[in-house]
>>> print(open('entry.cif').read())   # mmCIF, C-alpha atoms
data_coords
loop_
_atom_site.label_atom_id
_atom_site.label_comp_id
_atom_site.auth_asym_id
_atom_site.auth_seq_id
_atom_site.Cartn_x
_atom_site.Cartn_y
_atom_site.Cartn_z
CA MET I 1 130.55 51.44 120.97
CA LYS I 2 133.61 49.24 120.92
CA PHE I 3 133.33 45.49 121.51
CA LEU I 4 135.91 42.87 122.39
CA ILE I 5 135.04 39.75 120.33
CA VAL I 6 136.50 36.65 121.98
CA ALA I 7 136.69 33.39 120.00
CA ALA I 8 139.39 30.93 119.03
CA LYS I 9 140.53 27.75 117.31
CA THR I 10 137.32 26.13 115.99
CA GLY I 11 134.96 27.14 113.20
CA GLY I 12 132.02 26.70 115.56
CA HIS I 13 133.34 29.62 117.58
CA VAL I 14 135.04 31.92 115.09
CA TYR I 15 132.49 31.92 112.24
CA PRO I 16 129.62 33.08 114.50
CA ALA I 17 132.06 35.65 115.93
CA SER I 18 132.82 36.80 112.39
CA SER I 19 129.10 37.16 111.57
CA ILE I 20 128.45 39.22 114.71
CA ALA I 21 131.51 41.40 114.07
CA LYS I 22 130.36 42.20 110.53
CA GLY I 23 126.88 43.00 111.81
CA LEU I 24 128.24 45.33 114.49
CA ILE I 25 130.44 47.18 111.98
CA LYS I 26 127.44 47.66 109.68
CA LYS I 27 125.75 49.41 112.61
CA ASN I 28 128.74 51.72 113.08
CA HIS I 29 130.25 49.95 116.07
CA THR I 30 133.93 48.99 116.35
CA VAL I 31 135.28 45.52 117.09
CA VAL I 32 138.53 44.18 118.47
CA PHE I 33 139.25 40.45 118.11
CA LEU I 34 140.85 38.39 120.83
CA GLY I 35 142.00 34.89 119.86
CA THR I 36 145.01 32.61 119.56
CA GLY I 37 146.09 33.54 116.03
CA SER I 38 145.11 30.23 114.43
CA GLN I 39 144.69 29.85 110.68
CA ILE I 40 140.94 29.35 110.96
CA GLU I 41 140.66 32.67 112.82
CA GLU I 42 142.61 34.42 110.06
CA ASN I 43 140.32 32.89 107.43
CA ALA I 44 137.14 33.82 109.26
CA TYR I 45 138.16 37.41 109.99
CA ARG I 46 139.72 38.20 106.63
CA GLY I 47 138.45 41.50 105.23
CA ILE I 48 136.98 42.70 108.54
CA SER I 49 138.25 46.10 109.60
CA SER I 50 139.51 45.56 113.15
CA ARG I 51 142.49 45.12 115.43
CA SER I 52 143.41 41.66 116.69
CA PHE I 53 145.17 40.46 119.82
CA GLU I 54 146.41 36.99 120.71
CA LEU I 55 146.58 35.03 123.95
CA SER I 56 148.37 31.76 124.59
CA ILE I 57 146.05 29.38 126.45
CA GLU I 58 145.20 25.68 126.35
CA GLY I 59 141.89 23.93 126.98
CA PHE I 60 141.15 22.82 130.56
CA ARG I 61 138.82 19.86 130.07
CA GLY I 62 140.53 16.59 129.16
CA SER I 63 143.98 17.80 130.29
CA ASN I 64 146.14 15.96 132.82
CA LEU I 65 146.75 17.43 136.28
CA VAL I 66 150.04 19.13 135.39
CA LYS I 67 148.55 20.73 132.30
CA LYS I 68 145.54 21.94 134.29
CA PHE I 69 147.88 23.82 136.65
CA VAL I 70 149.60 25.35 133.61
CA VAL I 71 146.21 26.45 132.23
CA ILE I 72 145.23 28.04 135.57
CA PHE I 73 148.55 29.93 135.58
CA GLN I 74 147.89 31.05 131.98
CA VAL I 75 144.46 32.34 133.03
CA PHE I 76 145.93 34.65 135.68
CA ILE I 77 148.67 35.93 133.36
CA ASN I 78 146.14 36.54 130.59
CA ILE I 79 143.74 38.44 132.87
CA PHE I 80 146.38 41.16 133.20
CA LYS I 81 146.96 41.16 129.43
CA VAL I 82 143.25 41.62 128.77
CA LEU I 83 142.99 44.36 131.40
CA ARG I 84 145.58 46.34 129.39
CA ILE I 85 143.67 45.71 126.15
CA ILE I 86 140.43 46.95 127.75
CA ASP I 87 142.12 50.15 128.92
CA ASN I 88 144.17 50.83 125.80
CA GLU I 89 141.34 50.07 123.36
CA LYS I 90 138.60 51.67 125.52
CA ILE I 91 136.40 48.58 125.30
CA ASP I 92 132.70 49.05 126.14
CA GLY I 93 131.69 45.38 126.34
CA MET I 94 132.72 41.82 125.53
CA ILE I 95 131.02 39.17 123.39
CA GLY I 96 132.40 35.67 124.01
CA PHE I 97 131.76 32.56 121.93
CA GLY I 98 132.99 29.81 124.25
CA GLY I 99 136.30 28.06 124.61
CA PHE I 100 138.67 28.56 127.52
CA ILE I 101 140.06 31.80 126.08
CA THR I 102 136.84 33.52 127.19
CA VAL I 103 137.61 32.86 130.89
CA PRO I 104 140.48 35.37 131.38
CA ALA I 105 138.73 37.82 129.04
CA GLY I 106 135.47 37.51 130.96
CA LEU I 107 137.13 37.88 134.35
CA ALA I 108 139.05 40.95 133.15
CA CYS I 109 135.83 42.53 131.90
CA TRP I 110 134.11 41.70 135.20
CA ILE I 111 136.95 43.39 137.11
CA LYS I 112 136.57 46.46 134.87
CA ARG I 113 132.77 46.36 135.20
CA LYS I 114 132.36 45.95 131.44
CA PRO I 115 129.21 44.03 130.44
CA ILE I 116 129.74 40.46 129.25
CA PHE I 117 127.59 38.78 126.62
CA LEU I 118 128.02 35.09 125.81
CA HIS I 119 126.95 32.87 122.96
CA GLU I 120 126.70 29.07 123.29
CA GLN I 121 126.51 27.22 119.98
CA ASN I 122 125.76 23.74 121.32
CA ALA I 123 122.83 22.06 123.05
CA VAL I 124 125.03 21.66 126.16
CA LEU I 125 126.58 24.63 127.93
CA GLY I 126 130.37 24.49 127.56
CA THR I 127 132.72 24.70 130.54
CA ALA I 128 133.85 28.28 129.93
CA ASN I 129 130.33 29.56 129.28
CA LYS I 130 129.09 27.69 132.35
CA LEU I 131 131.72 29.46 134.47
CA LEU I 132 130.90 32.91 133.06
CA SER I 133 127.12 32.59 132.59
CA LYS I 134 126.35 33.84 136.10
CA ILE I 135 128.16 37.14 135.51
CA ALA I 136 127.02 37.58 131.89
CA LYS I 137 124.34 40.15 131.15
CA ILE I 138 122.78 37.94 128.45
CA ASN I 139 123.48 34.30 127.54
CA PHE I 140 122.55 33.74 123.89
CA LEU I 141 121.73 30.11 123.04
CA GLY I 142 122.10 28.41 119.66
CA PHE I 143 119.89 25.51 120.79
CA PRO I 144 117.42 25.32 123.71
CA ILE I 145 119.13 24.61 127.05
CA GLU I 146 117.16 24.42 130.28
CA GLY I 147 118.23 26.19 133.45
CA VAL I 148 120.40 28.97 132.00
CA ASN I 149 119.59 32.27 133.68
CA LYS I 150 119.35 35.50 131.70
CA SER I 151 119.23 33.52 128.48
CA ILE I 152 117.72 34.17 125.03
CA LEU I 153 117.27 31.52 122.34
CA SER I 154 118.97 33.39 119.50
CA GLY I 155 120.00 30.52 117.23
CA ASN I 156 123.49 30.32 115.75
CA PRO I 157 124.76 33.24 113.63
CA ILE I 158 125.39 31.81 110.19
CA ARG I 159 127.43 33.17 107.29
CA ASP I 160 125.64 35.47 104.82
CA SER I 161 126.03 32.90 102.04
CA PHE I 162 123.69 30.55 103.93
CA SER I 163 120.77 32.97 103.63
CA VAL I 164 120.47 31.90 99.97
CA THR I 165 118.42 28.79 99.16
CA LYS I 166 118.98 28.50 95.41
CA THR I 167 119.01 24.79 94.58
CA ASP I 168 121.42 23.26 92.08
CA ASN I 169 119.15 21.32 89.70
CA SER I 170 121.93 19.71 87.70
CA ASP I 171 122.32 15.92 87.75
CA ASN I 172 118.69 15.38 88.72
CA ASP I 173 118.90 11.75 87.64
CA PHE I 174 121.25 11.11 90.56
CA ILE I 175 120.94 11.11 94.34
CA LYS I 176 123.52 13.69 95.41
CA ILE I 177 125.21 13.39 98.78
CA TYR I 178 127.63 15.83 100.39
CA ILE I 179 129.87 14.24 103.05
CA THR I 180 131.85 16.35 105.49
CA GLY I 181 133.86 15.70 108.61
CA GLY I 182 134.35 19.39 109.35
CA SER I 183 137.33 21.60 108.56
CA GLN I 184 139.79 19.03 109.94
CA GLY I 185 138.10 16.00 108.41
CA ALA I 186 137.11 12.90 110.42
CA GLN I 187 138.94 9.57 110.32
CA TYR I 188 135.81 7.44 110.76
CA ILE I 189 133.91 9.28 108.01
CA ASN I 190 136.93 9.25 105.68
CA LYS I 191 137.55 5.51 106.07
CA GLN I 192 134.04 4.07 106.37
CA LEU I 193 131.79 6.18 104.14
CA PRO I 194 133.60 5.47 100.84
CA GLN I 195 132.83 1.76 101.33
CA ILE I 196 129.11 2.20 102.01
CA PHE I 197 127.86 2.98 98.50
CA LYS I 198 129.37 0.07 96.57
CA ASP I 199 126.26 -2.13 96.22
CA LEU I 200 123.46 0.42 96.62
CA PRO I 201 121.02 0.05 93.67
CA TYR I 202 120.84 3.79 92.98
CA LYS I 203 122.64 6.30 90.79
CA ILE I 204 124.62 8.33 93.28
CA LYS I 205 127.00 11.29 93.06
CA ILE I 206 129.17 12.20 96.00
CA LYS I 207 131.19 15.22 97.07
CA HIS I 208 133.40 14.48 100.07
CA GLN I 209 135.28 17.05 102.15
CA CYS I 210 138.05 15.05 103.81
CA GLY I 211 140.33 17.53 105.61
CA GLN I 212 144.01 18.27 105.15
CA ASN I 213 146.40 15.50 104.08
CA ASN I 214 143.63 12.92 103.61
CA ILE I 215 142.72 13.37 99.96
CA GLU I 216 144.81 10.61 98.36
CA THR I 217 143.76 8.00 100.92
CA VAL I 218 140.05 8.82 100.59
CA LYS I 219 140.20 8.90 96.79
CA LYS I 220 141.89 5.49 96.77
CA ILE I 221 139.14 3.93 98.93
CA TYR I 222 136.41 5.29 96.63
CA LEU I 223 138.23 4.03 93.52
CA SER I 224 138.83 0.57 95.02
CA ASN I 225 135.06 0.33 95.55
CA GLY I 226 134.24 1.54 92.05
CA ILE I 227 132.70 4.81 93.23
CA ASP I 228 133.20 8.03 91.27
CA ALA I 229 133.40 10.73 93.94
CA GLN I 230 134.70 14.29 94.00
CA VAL I 231 137.05 14.54 96.99
CA SER I 232 138.43 17.81 98.33
CA GLU I 233 140.45 18.70 101.41
CA PHE I 234 138.37 21.82 101.99
CA TYR I 235 135.59 23.72 100.23
CA ASP I 236 135.81 27.52 100.43
CA ASN I 237 132.04 27.82 99.97
CA PRO I 238 130.41 24.79 101.64
CA VAL I 239 126.96 26.27 101.03
CA ASP I 240 127.41 25.49 97.32
CA GLN I 241 128.02 21.82 98.10
CA ILE I 242 125.08 21.65 100.51
CA LEU I 243 122.71 23.24 98.01
CA TRP I 244 124.01 20.90 95.30
CA SER I 245 123.18 17.91 97.49
CA ASP I 246 119.93 16.11 98.25
CA PHE I 247 121.15 15.53 101.80
CA VAL I 248 124.31 15.72 103.88
CA ILE I 249 126.27 13.26 106.00
CA SER I 250 128.14 15.09 108.74
CA ARG I 251 129.55 15.21 112.24
CA GLY I 252 127.36 16.90 114.86
CA GLY I 253 129.01 20.31 115.23
CA ALA I 254 126.46 22.97 116.13
CA LEU I 255 127.35 25.45 113.39
CA THR I 256 127.50 22.78 110.68
CA LEU I 257 124.04 21.45 111.61
CA SER I 258 122.64 24.97 111.85
CA GLU I 259 123.97 25.93 108.42
CA ILE I 260 122.76 22.74 106.74
CA THR I 261 119.22 22.95 108.13
CA SER I 262 118.97 26.69 107.42
CA VAL I 263 119.08 25.99 103.67
CA ASN I 264 116.37 23.29 103.60
CA ARG I 265 118.65 20.28 103.77
CA GLY I 266 118.48 17.33 106.09
CA VAL I 267 121.42 15.49 107.53
CA LEU I 268 122.50 12.06 108.66
CA VAL I 269 124.55 12.92 111.74
CA ILE I 270 127.48 10.79 112.91
CA PRO I 271 128.35 12.49 116.23
CA LEU I 272 131.94 12.60 117.40
CA PRO I 273 131.88 9.94 120.16
CA ASN I 274 134.35 11.69 122.48
CA SER I 275 132.98 15.24 122.21
CA ILE I 276 133.00 17.03 125.58
CA ASP I 277 129.76 16.40 127.53
CA ASN I 278 128.58 14.40 124.49
CA HIS I 279 127.38 17.70 123.03
CA GLN I 280 127.37 16.45 119.42
CA VAL I 281 124.77 13.80 120.31
CA ALA I 282 122.69 16.46 122.06
CA ASN I 283 122.92 18.70 118.98
CA ALA I 284 121.93 15.83 116.71
CA LYS I 285 118.91 14.89 118.83
CA ILE I 286 117.51 18.40 118.43
CA ILE I 287 117.86 18.17 114.64
CA GLU I 288 116.24 14.72 114.73
CA ASN I 289 113.34 16.11 116.80
CA MET I 290 112.87 18.80 114.14
CA ASN I 291 112.41 15.97 111.59
CA MET I 292 115.41 17.25 109.67
CA GLY I 293 117.82 14.41 110.30
CA GLN I 294 118.73 11.03 111.68
CA ILE I 295 121.54 9.87 113.96
CA HIS I 296 124.05 7.08 113.49
CA GLU I 297 126.29 6.59 116.50
CA GLN I 298 129.81 5.52 115.63
CA ASN I 299 129.82 2.45 117.91
CA LYS I 300 127.05 0.87 115.82
CA SER I 301 127.86 -1.45 112.92
CA ILE I 302 128.76 -0.33 109.42
CA GLU I 303 125.84 -2.45 108.18
CA SER I 304 123.42 -0.37 110.27
CA LEU I 305 124.90 2.81 108.76
CA LYS I 306 124.51 1.38 105.26
CA LYS I 307 120.91 0.43 106.02
CA LYS I 308 120.11 3.96 107.22
CA ILE I 309 121.54 5.50 104.05
CA PHE I 310 119.67 2.95 101.93
CA ASN I 311 116.36 3.75 103.67
CA ILE I 312 116.86 7.51 103.40
CA ILE I 313 117.24 7.08 99.63
CA LYS I 314 114.61 4.34 99.15
CA ASN I 315 111.92 6.17 101.16
CA ARG I 316 113.00 9.57 99.78
CA THR I 317 113.25 10.83 103.34
CA PHE I 318 115.58 13.55 102.04
CA ALA I 319 112.67 15.00 100.03
CA ASN I 320 110.68 15.47 103.25
CA TRP I 321 113.69 17.13 104.86
CA LYS I 322 113.82 19.63 101.99
CA GLU I 323 110.28 20.78 102.83
CA ILE I 324 111.36 21.97 106.29
CA LYS I 325 113.47 25.00 107.07
CA ASN I 326 115.20 25.81 110.34
CA LYS I 327 114.50 29.54 110.50
CA THR I 328 115.96 30.08 113.98
CA ASN I 329 119.43 30.91 112.67
CA LEU I 330 118.56 33.20 109.76
CA ASN I 331 117.95 36.25 111.95
CA SER I 332 120.35 35.25 114.73
CA THR I 333 122.95 37.95 114.05
CA THR I 334 120.33 40.70 113.93
CA SER I 335 118.65 39.41 117.09
CA ILE I 336 121.87 39.21 119.11
CA ILE I 337 123.03 42.71 118.11
CA SER I 338 119.58 44.15 118.78
CA HIS I 339 119.49 42.72 122.30
CA ILE I 340 123.01 43.94 123.06
CA GLU I 341 122.20 47.45 121.81
CA GLY I 342 118.99 47.31 123.83
CA TYR I 343 120.95 46.50 126.98
CA PHE I 344 123.14 49.59 126.53
CA LYS I 345 120.16 51.85 125.77
CA ILE I 346 118.35 50.73 128.91
CA ASN I 347 121.41 51.19 131.08
CA GLU I 348 122.20 54.62 129.63
CA THR I 349 118.88 55.86 130.99
CA ILE I 350 119.41 54.46 134.50
#
>>> encode(input="entry.cif", output="C-alpha cells")
Amino acid sequence: MKFLIVAAKTGGHVYPASSIAKGLIKKNHTVVFLGTGSQIEENAYRGISSRSFELSIEGFRGSNLVKKFVVIFQVFINIFKVLRIIDNEKIDGMIGFGGFITVPAGLACWIKRKPIFLHEQNAVLGTANKLLSKIAKINFLGFPIEGVNKSILSGNPIRDSFSVTKTDNSDNDFIKIYITGGSQGAQYINKQLPQIFKDLPYKIKIKHQCGQNNIETVKKIYLSNGIDAQVSEFYDNPVDQILWSDFVISRGGALTLSEITSVNRGVLVIPLPNSIDNHQVANAKIIENMNMGQIHEQNKSIESLKKKIFNIIKNRTFANWKEIKNKTNLNSTTSIISHIEGYFKINETI
C-alpha cells in the first residue's frame, strides 16, 4: 500500500511522522511525504526512500482576520493540489500528524474516499485534528484525551535511538542536568536557568541546548555566574544528553516529554505559557501524575524555580524518577501500523 504522510514545521509532528514512515517501509509499504519543505522536515526525513511534495499554508489559530481569510483561500487551492497528488501517486490512505497542513490533505482524501488516520501528540486535541477527527477512521492519541470517537491510545512514536536505556555513568560525583528549550531554544530558559545554580551547595554539571544564534549570550550568563556549562545550539542525538543526565529541565512539548520519560528520566517542565489551548500545561500534568516530573509555570518567581530545583536535588527526587519508565511510547510505531494494516484487512473482506 501507498500512504500519504502529512506533517510539517515542528519536531513534534515530523519526527513521529518519520518513525511511522520508516516502520511502514520496513513492512514493504510505500510512503509519500507532504509538508512545507522546512529544514526540520528535511532533517527528519533524511535517508528515507520516498517522494516529497510541498504546500504553502499558514496556521489558522492566532492569526488576524485578514490572514485567516488568506489561510481559508490557501486551503481550497491546496485541496486541488492534493487531489492531483492522490491520483498521480495512487495513494491508498493518509496519515496526518496535526498542523493546519492536514486540513486540505484530509479534505482531499475524504473527497477521494481514501481512509484518513490521524495522530495527536498532545493531551489536547489540536484544531486541525479536531476538524478532521469525525471523518478519520482511527484517531491515535499520544496522551489520554476524553471524548474522541474512534480513538486508540497509541502513545507517541519515538525515534529508534530512544529505545536504548544505557546510562552514562561518568561524572558520578556530580548531579548532571540537561536543559533544553526545544529545537528553537526558549528565551525564558536561556536567560533564567543559567542564573539558578550559582549558590546551590551541590556539585553540578550542566549541558544546555539553547537554539540557533543564542550560544554566546547563554555562555556569557553562565560564566558571569561562575558556572561551568556545556552550551550547544543543537544536539544531533539528544538521547545521549538525556541518558547522560540525572534529570532534564524542558518545555512541555509532547514528543520531548515522551522521549525523556521513555528512557527512565524525569523532568522539571516549564510549559510555554502561550501554547495553543495551553496544551503544554496539559502535557506536563500527565507527566506529573505519572510521578515522573514536576511543573514550574513561567509566571511564578525565579526563587520558586530555584527552590524546586534545590528540592529535586536535596531529596534525590530524580533517583525516584529513574525507577519509573513510560512504556506507552516504546511500541507506539508498531501499534499504529498494526491498527492501520488491520483496518485495510478488515475492509478488503467486506
>>> resolve_selection(input="entry.cif", expression="the PyMOL selection byres ((chain I and resi 266-276) around 6)", output="PyMOL selection string")
chain I and resi 247-252+265+277-278+280-281+292-297+321
>>> residues_around(input="entry.cif", residues="Tyr45 of chain I", least_positions_apart="4", cutoff="12 Å", atoms="all atoms listed in the file", output="MDAnalysis selection string")
chainID I and resid 5 7:8 11 13:22 31:35 37:41 49:52 159
>>> resolve_selection(input="entry.cif", expression="the PyMOL selection byres ((chain I and resi 127) around 9)", output="ChimeraX atom specification")
/I:60-61,98-100,125-126,128-132
>>> atom_distance(input="entry.cif", atom1="atom CA of Asn214 of chain I", atom2="atom CA of Leu193 of chain I")
13.6 Å
>>> closest_residue(input="entry.cif", among="I:Met1, I:Leu305, I:Val148, I:Ile286", to="Asp92 of chain I", atoms="only C-alpha atoms")
I:Met1
>>> resolve_selection(input="entry.cif", expression="the PyMOL selection byres ((chain I and resi 202) around 10)", output="PyMOL selection string")
chain I and resi 173-175+197-201+203-205+310+313-314
>>> closest_residue(input="entry.cif", among="I:Glu341, I:Asp236, I:Glu89, I:Glu259", to="Ala44 of chain I", atoms="only C-alpha atoms")
I:Asp236
>>> residues_around(input="entry.cif", residues="segment 103-117 of chain I", least_positions_apart="6", cutoff="8 Å", atoms="all atoms listed in the file", output="list in words")
Val6, Val75, Phe76, Asn78, Ile79, Phe80, Val82, Leu83, Ile86, Ile91, Asp92, Gly93, Met94, Ile95, Gly96, Ala128, Leu131, Leu132, Ile135, Ala136, Lys137, Ile138, Asn139, Phe140 and Ile340 of chain I
>>> closest_residue(input="entry.cif", among="I:Ile25, I:Ile152, I:Val124, I:Ile287", to="Asn326 of chain I", atoms="all atoms listed in the file")
I:Ile287
>>> residues_around(input="entry.cif", residues="Ser332 of chain I", least_positions_apart="4", cutoff="8 Å", atoms="only C-alpha atoms", output="ChimeraX atom specification")
/I:154-158,328,336
>>> atom_distance(input="entry.cif", atom1="atom CA of Glu288 of chain I", atom2="atom CA of Asp246 of chain I")
16.9 Å
>>> atom_distance(input="entry.cif", atom1="atom CA of Ile179 of chain I", atom2="atom CA of Leu255 of chain I")
15.5 Å
>>> residues_around(input="entry.cif", residues="Gly211 of chain I", least_positions_apart="2", cutoff="12 Å", atoms="all atoms listed in the file", output="list in words")
Ile179, Thr180, Gly181, Gly182, Ser183, Gln184, Gly185, Ala186, Gln187, Ile189, Asn190, His208, Gln209, Asn213, Asn214, Ile215, Glu216, Thr217, Val218, Val231, Ser232, Glu233, Phe234 and Tyr235 of chain I
>>> decode(input="entry.cif", residues="segment 327-339 of chain I", atoms="N, CA and C atoms", output="PDB file, in the first residue's frame")
ATOM      1  N   LYS I 327       6.304   3.303  29.346  1.00  0.00           N
ATOM      2  CA  LYS I 327       6.409   2.291  28.294  1.00  0.00           C
ATOM      3  C   LYS I 327       5.428   2.510  27.145  1.00  0.00           C
ATOM      4  N   THR I 328       4.517   3.468  27.318  1.00  0.00           N
ATOM      5  CA  THR I 328       3.459   3.680  26.319  1.00  0.00           C
ATOM      6  C   THR I 328       4.019   3.940  24.930  1.00  0.00           C
ATOM      7  N   ASN I 329       5.147   4.671  24.868  1.00  0.00           N
ATOM      8  CA  ASN I 329       5.647   5.138  23.575  1.00  0.00           C
ATOM      9  C   ASN I 329       6.564   4.145  22.868  1.00  0.00           C
ATOM     10  N   LEU I 330       7.081   3.165  23.614  1.00  0.00           N
ATOM     11  CA  LEU I 330       8.105   2.286  23.047  1.00  0.00           C
ATOM     12  C   LEU I 330       7.573   1.435  21.899  1.00  0.00           C
ATOM     13  N   ASN I 331       6.314   1.045  21.987  1.00  0.00           N
ATOM     14  CA  ASN I 331       5.715   0.216  20.934  1.00  0.00           C
ATOM     15  C   ASN I 331       4.707   1.000  20.104  1.00  0.00           C
ATOM     16  N   SER I 332       4.763   2.328  20.187  1.00  0.00           N
ATOM     17  CA  SER I 332       3.762   3.153  19.520  1.00  0.00           C
ATOM     18  C   SER I 332       3.772   2.964  18.007  1.00  0.00           C
ATOM     19  N   THR I 333       4.948   2.994  17.407  1.00  0.00           N
ATOM     20  CA  THR I 333       5.036   2.849  15.948  1.00  0.00           C
ATOM     21  C   THR I 333       4.445   1.525  15.489  1.00  0.00           C
ATOM     22  N   THR I 334       4.827   0.457  16.156  1.00  0.00           N
ATOM     23  CA  THR I 334       4.314  -0.877  15.810  1.00  0.00           C
ATOM     24  C   THR I 334       2.804  -0.941  15.969  1.00  0.00           C
ATOM     25  N   SER I 335       2.301  -0.365  17.059  1.00  0.00           N
ATOM     26  CA  SER I 335       0.861  -0.390  17.330  1.00  0.00           C
ATOM     27  C   SER I 335       0.072   0.367  16.264  1.00  0.00           C
ATOM     28  N   ILE I 336       0.534   1.561  15.915  1.00  0.00           N
ATOM     29  CA  ILE I 336      -0.173   2.368  14.922  1.00  0.00           C
ATOM     30  C   ILE I 336      -0.214   1.665  13.571  1.00  0.00           C
ATOM     31  N   ILE I 337       0.925   1.141  13.120  1.00  0.00           N
ATOM     32  CA  ILE I 337       0.976   0.461  11.825  1.00  0.00           C
ATOM     33  C   ILE I 337       0.108  -0.786  11.833  1.00  0.00           C
ATOM     34  N   SER I 338       0.132  -1.515  12.932  1.00  0.00           N
ATOM     35  CA  SER I 338      -0.682  -2.730  13.052  1.00  0.00           C
ATOM     36  C   SER I 338      -2.169  -2.416  12.934  1.00  0.00           C
ATOM     37  N   HIS I 339      -2.605  -1.355  13.593  1.00  0.00           N
ATOM     38  CA  HIS I 339      -4.028  -0.987  13.527  1.00  0.00           C
ATOM     39  C   HIS I 339      -4.422  -0.494  12.132  1.00  0.00           C
TER      40      HIS I 339
END
